[in-house]
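Enquirer: Would you mind keeping the following structure in view while I ask a few things?
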Amino acid sequence: MLPQMRLVTLTSFLEVAHFVGLDPFQLLKEAGISPGLLGDPETRWAAGPIVDLLENSASRSGCESFGILMAECRSFASLGPLSLLLERLPTSRDVLQAVIGHRRMLNDLLSFSYEDDGQVAIVGLDLASGYAKPQIVDLSVAMTFTVLSAASGGMWRPASVHFRHRAPADPRAFQRFYSVPVEFESEFDGLACSSAAMNTPNPLADDVMARHAERLLQMVPQAAEKEQTSDKARRAITLLLPSGRATLNDVSANLGVTPRVLQRRLEREGFSFASLLNKTRRDMAKRYLSQSDRPITSIADLMGYSSLSAFGRWFVADFGIPPQSWRSAQSHLAKSQPVSYRLN
């Protein structure tokens, strides 16, 4: 039987393809994938056409960072039912072990290796022979990073990120996403961190909830709800914010609808465009502040602000304190968390 992948892999494909100037529906047609199937992320599909679709999209657009852009728009929750378990486990090591144990829920291509000599821990990713092409590798490594980081409330961070493939001509998307050294033409695809980092505690850990989530996983596959417009708009905003183009008109154009239609659909889901824009900006600001050592000026640029002072005023109005103070408070909180040393 040929390897399969869940179509959740293509979450954000439409938005990223539009963003880089492609017609995603034509590309999907050529790949033999009906756009209507993307509404059910739990649907499993032959892996070959999905892998080739991402490579073809990168080639035609000239965007070697296509996979990274897709990951940048994805959330921890996009893992589906598995995320309910991961968010309740005690440490980053427990999270990784659960991902390894449930990897078939993600796709049939991916396998993990874990080496820890007591000083350095290496999380390696391997895809089935013939499928380890740059875009799917980039997406897989990035989603592993997202899982380990999100499950620790942003406290876990690798020391370096590694790819076997050559560096892209423009590495800025990789630098923006990871904010740690990225090594290309490396000996493996994956992440390296200190052994101690794998003991990073999860502030939401709950053994009872984890057991409930584990039982829930036995019930999948489940009927998936139709994807909401607000999720699609959030991904478009994430792509457009760094260039200062996260406007109603530009986001509508990215989604292929008129501004009026977008507003109406958002209102049915309880959002205005302004509230969704602000929520997305909040989430991105928190991620960049807690998961990287970027200068505040750089983060202001990524949030679409033309000046540090404008970003600072928005941040204080929304969070109640300046961004540097918020970052310091998060760092203090991380250091004060009790660490679990449970090993399996």
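Here, A, B, ... name the chains of the structure tokens in the order displayed, residue numbers run from 1 inside each chain, and ligands are numbered from 1 in the same displayed order.
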As a ChimeraX atom specification, please: all residues of segment 43-118 of chain A that backbone DSSP puts in strand (DSSP E or B).

Expert: /A:44-46,91,107,110-116

Enquirer: Would you export the selected residues with N, CA and C atoms as a PDB file, in the first residue's frame, please?

Expert:
ATOM      1  N   ARG A  44      -7.288  11.075   4.465  1.00  0.00           N
ATOM      2  CA  ARG A  44      -5.950  10.596   4.103  1.00  0.00           C
ATOM      3  C   ARG A  44      -5.857  10.476   2.587  1.00  0.00           C
ATOM      4  N   TRP A  45      -4.675  10.851   2.052  1.00  0.00           N
ATOM      5  CA  TRP A  45      -4.480  10.900   0.604  1.00  0.00           C
ATOM      6  C   TRP A  45      -3.092  10.370   0.292  1.00  0.00           C
ATOM      7  N   ALA A  46      -2.923   9.885  -0.912  1.00  0.00           N
ATOM      8  CA  ALA A  46      -1.613   9.390  -1.326  1.00  0.00           C
ATOM      9  C   ALA A  46      -0.543  10.450  -1.108  1.00  0.00           C
ATOM     10  N   THR A  91       6.465  17.225  30.248  1.00  0.00           N
ATOM     11  CA  THR A  91       7.693  17.849  29.763  1.00  0.00           C
ATOM     12  C   THR A  91       7.812  17.720  28.254  1.00  0.00           C
ATOM     13  N   ASN A 107       1.250  10.989   9.431  1.00  0.00           N
ATOM     14  CA  ASN A 107       1.350  10.456   8.069  1.00  0.00           C
ATOM     15  C   ASN A 107       2.180   9.195   8.094  1.00  0.00           C
ATOM     16  N   LEU A 110       6.691   9.695   7.902  1.00  0.00           N
ATOM     17  CA  LEU A 110       7.597  10.294   8.874  1.00  0.00           C
ATOM     18  C   LEU A 110       7.993   9.317   9.981  1.00  0.00           C
ATOM     19  N   SER A 111       9.279   9.298  10.294  1.00  0.00           N
ATOM     20  CA  SER A 111       9.767   8.583  11.469  1.00  0.00           C
ATOM     21  C   SER A 111      10.749   9.497  12.203  1.00  0.00           C
ATOM     22  N   PHE A 112      10.870   9.265  13.497  1.00  0.00           N
ATOM     23  CA  PHE A 112      11.722  10.107  14.336  1.00  0.00           C
ATOM     24  C   PHE A 112      12.846   9.275  14.943  1.00  0.00           C
ATOM     25  N   SER A 113      13.950   9.939  15.221  1.00  0.00           N
ATOM     26  CA  SER A 113      15.012   9.339  16.019  1.00  0.00           C
ATOM     27  C   SER A 113      15.344  10.316  17.142  1.00  0.00           C
ATOM     28  N   TYR A 114      15.757   9.783  18.274  1.00  0.00           N
ATOM     29  CA  TYR A 114      16.081  10.637  19.411  1.00  0.00           C
ATOM     30  C   TYR A 114      17.361  10.143  20.047  1.00  0.00           C
ATOM     31  N   GLU A 115      18.365  11.006  20.106  1.00  0.00           N
ATOM     32  CA  GLU A 115      19.641  10.673  20.733  1.00  0.00           C
ATOM     33  C   GLU A 115      19.931  11.696  21.824  1.00  0.00           C
ATOM     34  N   ASP A 116      20.365  11.204  22.977  1.00  0.00           N
ATOM     35  CA  ASP A 116      20.637  12.090  24.104  1.00  0.00           C
ATOM     36  C   ASP A 116      21.820  11.532  24.871  1.00  0.00           C
TER      37      ASP A 116
END

Enquirer: Any idea what's packed within 10 Å of segment 285-293 of chain A, counting only C-alpha atoms, ignoring anything in its chain fewer than 6 positions away? Could you give it as an mmCIF file with C-alpha atoms, in the first residue's frame?

Expert:
data_model
loop_
_atom_site.group_PDB
_atom_site.id
_atom_site.type_symbol
_atom_site.label_atom_id
_atom_site.label_comp_id
_atom_site.auth_asym_id
_atom_site.auth_seq_id
_atom_site.Cartn_x
_atom_site.Cartn_y
_atom_site.Cartn_z
ATOM 1 C CA SER A 149 7.487 24.960 21.586
ATOM 2 C CA ALA A 150 3.701 25.302 21.891
ATOM 3 C CA GLY A 153 4.013 27.538 26.447
ATOM 4 C CA GLY A 154 6.854 28.805 24.282
ATOM 5 C CA MET A 155 9.521 27.951 26.859
ATOM 6 C CA TRP A 156 11.287 25.188 24.887
ATOM 7 C CA ARG A 157 13.727 26.318 22.242
ATOM 8 C CA PRO A 158 16.323 24.393 20.221
ATOM 9 C CA ARG A 176 12.315 34.621 10.977
ATOM 10 C CA PHE A 177 10.641 31.348 11.900
ATOM 11 C CA TYR A 178 13.385 29.845 14.062
ATOM 12 C CA SER A 179 15.452 32.729 15.495
ATOM 13 C CA VAL A 180 18.249 30.254 16.261
ATOM 14 C CA LYS A 279 -5.877 38.716 17.931
ATOM 15 C CA ILE A 299 9.548 42.297 16.258
ATOM 16 C CA ALA A 300 7.835 45.643 15.641
ATOM 17 C CA LEU A 302 7.311 41.771 11.820
ATOM 18 C CA MET A 303 4.078 43.054 13.365
ATOM 19 C CA PHE A 311 4.370 49.060 18.352
ATOM 20 C CA PHE A 315 1.450 46.581 23.066
ATOM 21 C CA PRO A 323 6.997 44.467 25.419
ATOM 22 C CA GLN A 324 10.401 44.220 27.132
ATOM 23 C CA TRP A 326 6.376 41.279 29.231
ATOM 24 C CA ARG A 327 9.336 39.316 27.877
ATOM 25 C CA SER A 328 11.178 39.602 31.205
ATOM 26 C CA ALA A 329 8.101 38.435 33.116
ATOM 27 C CA GLN A 330 7.773 35.383 30.862
ATOM 28 C CA SER A 331 11.438 34.540 31.345
ATOM 29 C CA ALA A 334 9.834 29.933 33.054
#

Enquirer: Tell me, which residues of segment 159-332 of chain A carry DSSP helix (DSSP H, G or I), written as a PyMOL selection string?

Expert: chain A and resi 172-178+196-199+207-217+229-243+248-255+259-268+273-291+296-302+308-319+323-332

Enquirer: Please provide the set of residues having any atom within 9 Å of Val51 of chain A, restricted to only C-alpha atoms, with same-chain residues fewer than 5 positions apart removed, written as a list in words.

Expert: Asn56, Tyr131, Ala132, Lys133, Gln135 and Ile136 of chain A

Enquirer: Which value, in Å to one decimal, gives the distance between atom CA of Ile237 of chain A and atom CA of Gly21 of chain A?

Expert: 16.0 Å

Enquirer: Select, from A:Gln218, A:Asn199, A:Gln175, A:Ser59, the residue with the minimum atom-to-atom distance to Val95 of chain A, counting only C-alpha atoms.

Expert: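 Closest residue, counting only C-alpha atoms: A:Asn199.
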
Enquirer: Go through A:Ile33, A:Met198, A:Val208, A:Val141 one by one, measure the shortest atom-to-atom distance of each to Val182 of chain A using only C-alpha atoms, and give the residue with the smallest value.

Expert: A:Val141

Enquirer: Tell me which protein, DNA and RNA residues are within 10 Å of Ala17 of chain A, counting only C-alpha atoms, leaving out same-chain ones fewer than 4 positions away, and put them as a list in words.

Expert: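 Residues near the query, excluding close chain neighbours: Ser12, Phe13, Gly21, Leu22, Asp23, Pro24, Phe25, Leu27, Leu54, Ser57, Ala58, Ser61, Cys63, Phe66, Leu69, Met70 and Asn254 of chain A.
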
Enquirer: Would you mind exporting the chosen residues as a PDB file, in the first residue's frame, restricted to N, CA and C atoms?

Expert:
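As a result, out18.pdb now contains:
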ATOM      1  N   SER A  12      -3.232  25.783   4.959  1.00  0.00           N
ATOM      2  CA  SER A  12      -2.536  27.029   4.579  1.00  0.00           C
ATOM      3  C   SER A  12      -1.991  26.986   3.163  1.00  0.00           C
ATOM      4  N   PHE A  13      -2.154  25.864   2.426  1.00  0.00           N
ATOM      5  CA  PHE A  13      -1.650  25.822   1.052  1.00  0.00           C
ATOM      6  C   PHE A  13      -2.306  26.888   0.184  1.00  0.00           C
ATOM      7  N   GLY A  21       1.805  34.279  -5.578  1.00  0.00           N
ATOM      8  CA  GLY A  21       1.396  34.564  -6.951  1.00  0.00           C
ATOM      9  C   GLY A  21       0.976  33.377  -7.792  1.00  0.00           C
ATOM     10  N   LEU A  22       0.596  32.273  -7.144  1.00  0.00           N
ATOM     11  CA  LEU A  22       0.175  31.085  -7.883  1.00  0.00           C
ATOM     12  C   LEU A  22      -1.346  30.925  -7.864  1.00  0.00           C
ATOM     13  N   ASP A  23      -1.843  30.096  -8.759  1.00  0.00           N
ATOM     14  CA  ASP A  23      -3.251  29.704  -8.756  1.00  0.00           C
ATOM     15  C   ASP A  23      -3.338  28.344  -8.057  1.00  0.00           C
ATOM     16  N   PRO A  24      -3.729  28.315  -6.788  1.00  0.00           N
ATOM     17  CA  PRO A  24      -3.709  27.048  -6.053  1.00  0.00           C
ATOM     18  C   PRO A  24      -4.681  26.014  -6.601  1.00  0.00           C
ATOM     19  N   PHE A  25      -5.785  26.458  -7.157  1.00  0.00           N
ATOM     20  CA  PHE A  25      -6.784  25.514  -7.655  1.00  0.00           C
ATOM     21  C   PHE A  25      -6.288  24.785  -8.906  1.00  0.00           C
ATOM     22  N   LEU A  27      -3.101  24.193  -9.484  1.00  0.00           N
ATOM     23  CA  LEU A  27      -2.078  23.286  -8.984  1.00  0.00           C
ATOM     24  C   LEU A  27      -2.700  22.036  -8.359  1.00  0.00           C
ATOM     25  N   LEU A  54       3.854  20.384  -3.302  1.00  0.00           N
ATOM     26  CA  LEU A  54       4.639  21.397  -2.602  1.00  0.00           C
ATOM     27  C   LEU A  54       5.911  21.737  -3.373  1.00  0.00           C
ATOM     28  N   SER A  57       4.965  23.797  -6.413  1.00  0.00           N
ATOM     29  CA  SER A  57       4.592  25.164  -6.030  1.00  0.00           C
ATOM     30  C   SER A  57       5.834  26.010  -5.771  1.00  0.00           C
ATOM     31  N   ALA A  58       6.815  25.422  -5.080  1.00  0.00           N
ATOM     32  CA  ALA A  58       8.059  26.152  -4.806  1.00  0.00           C
ATOM     33  C   ALA A  58       8.792  26.460  -6.105  1.00  0.00           C
ATOM     34  N   SER A  61       6.866  29.171  -8.320  1.00  0.00           N
ATOM     35  CA  SER A  61       6.843  30.510  -7.723  1.00  0.00           C
ATOM     36  C   SER A  61       8.237  31.073  -7.524  1.00  0.00           C
ATOM     37  N   CYS A  63       9.832  30.437  -4.942  1.00  0.00           N
ATOM     38  CA  CYS A  63       9.889  30.633  -3.487  1.00  0.00           C
ATOM     39  C   CYS A  63      10.388  29.352  -2.845  1.00  0.00           C
ATOM     40  N   PHE A  66       8.635  27.890   0.529  1.00  0.00           N
ATOM     41  CA  PHE A  66       7.201  27.624   0.490  1.00  0.00           C
ATOM     42  C   PHE A  66       6.749  26.790   1.696  1.00  0.00           C
ATOM     43  N   LEU A  69       6.749  28.893   4.896  1.00  0.00           N
ATOM     44  CA  LEU A  69       5.610  29.810   4.933  1.00  0.00           C
ATOM     45  C   LEU A  69       4.337  29.069   5.333  1.00  0.00           C
ATOM     46  N   MET A  70       4.159  27.841   4.852  1.00  0.00           N
ATOM     47  CA  MET A  70       2.996  27.060   5.252  1.00  0.00           C
ATOM     48  C   MET A  70       3.021  26.771   6.746  1.00  0.00           C
ATOM     49  N   ASN A 254      -6.318  37.732  -0.929  1.00  0.00           N
ATOM     50  CA  ASN A 254      -5.597  36.483  -0.710  1.00  0.00           C
ATOM     51  C   ASN A 254      -6.560  35.298  -0.620  1.00  0.00           C
TER      52      ASN A 254
END
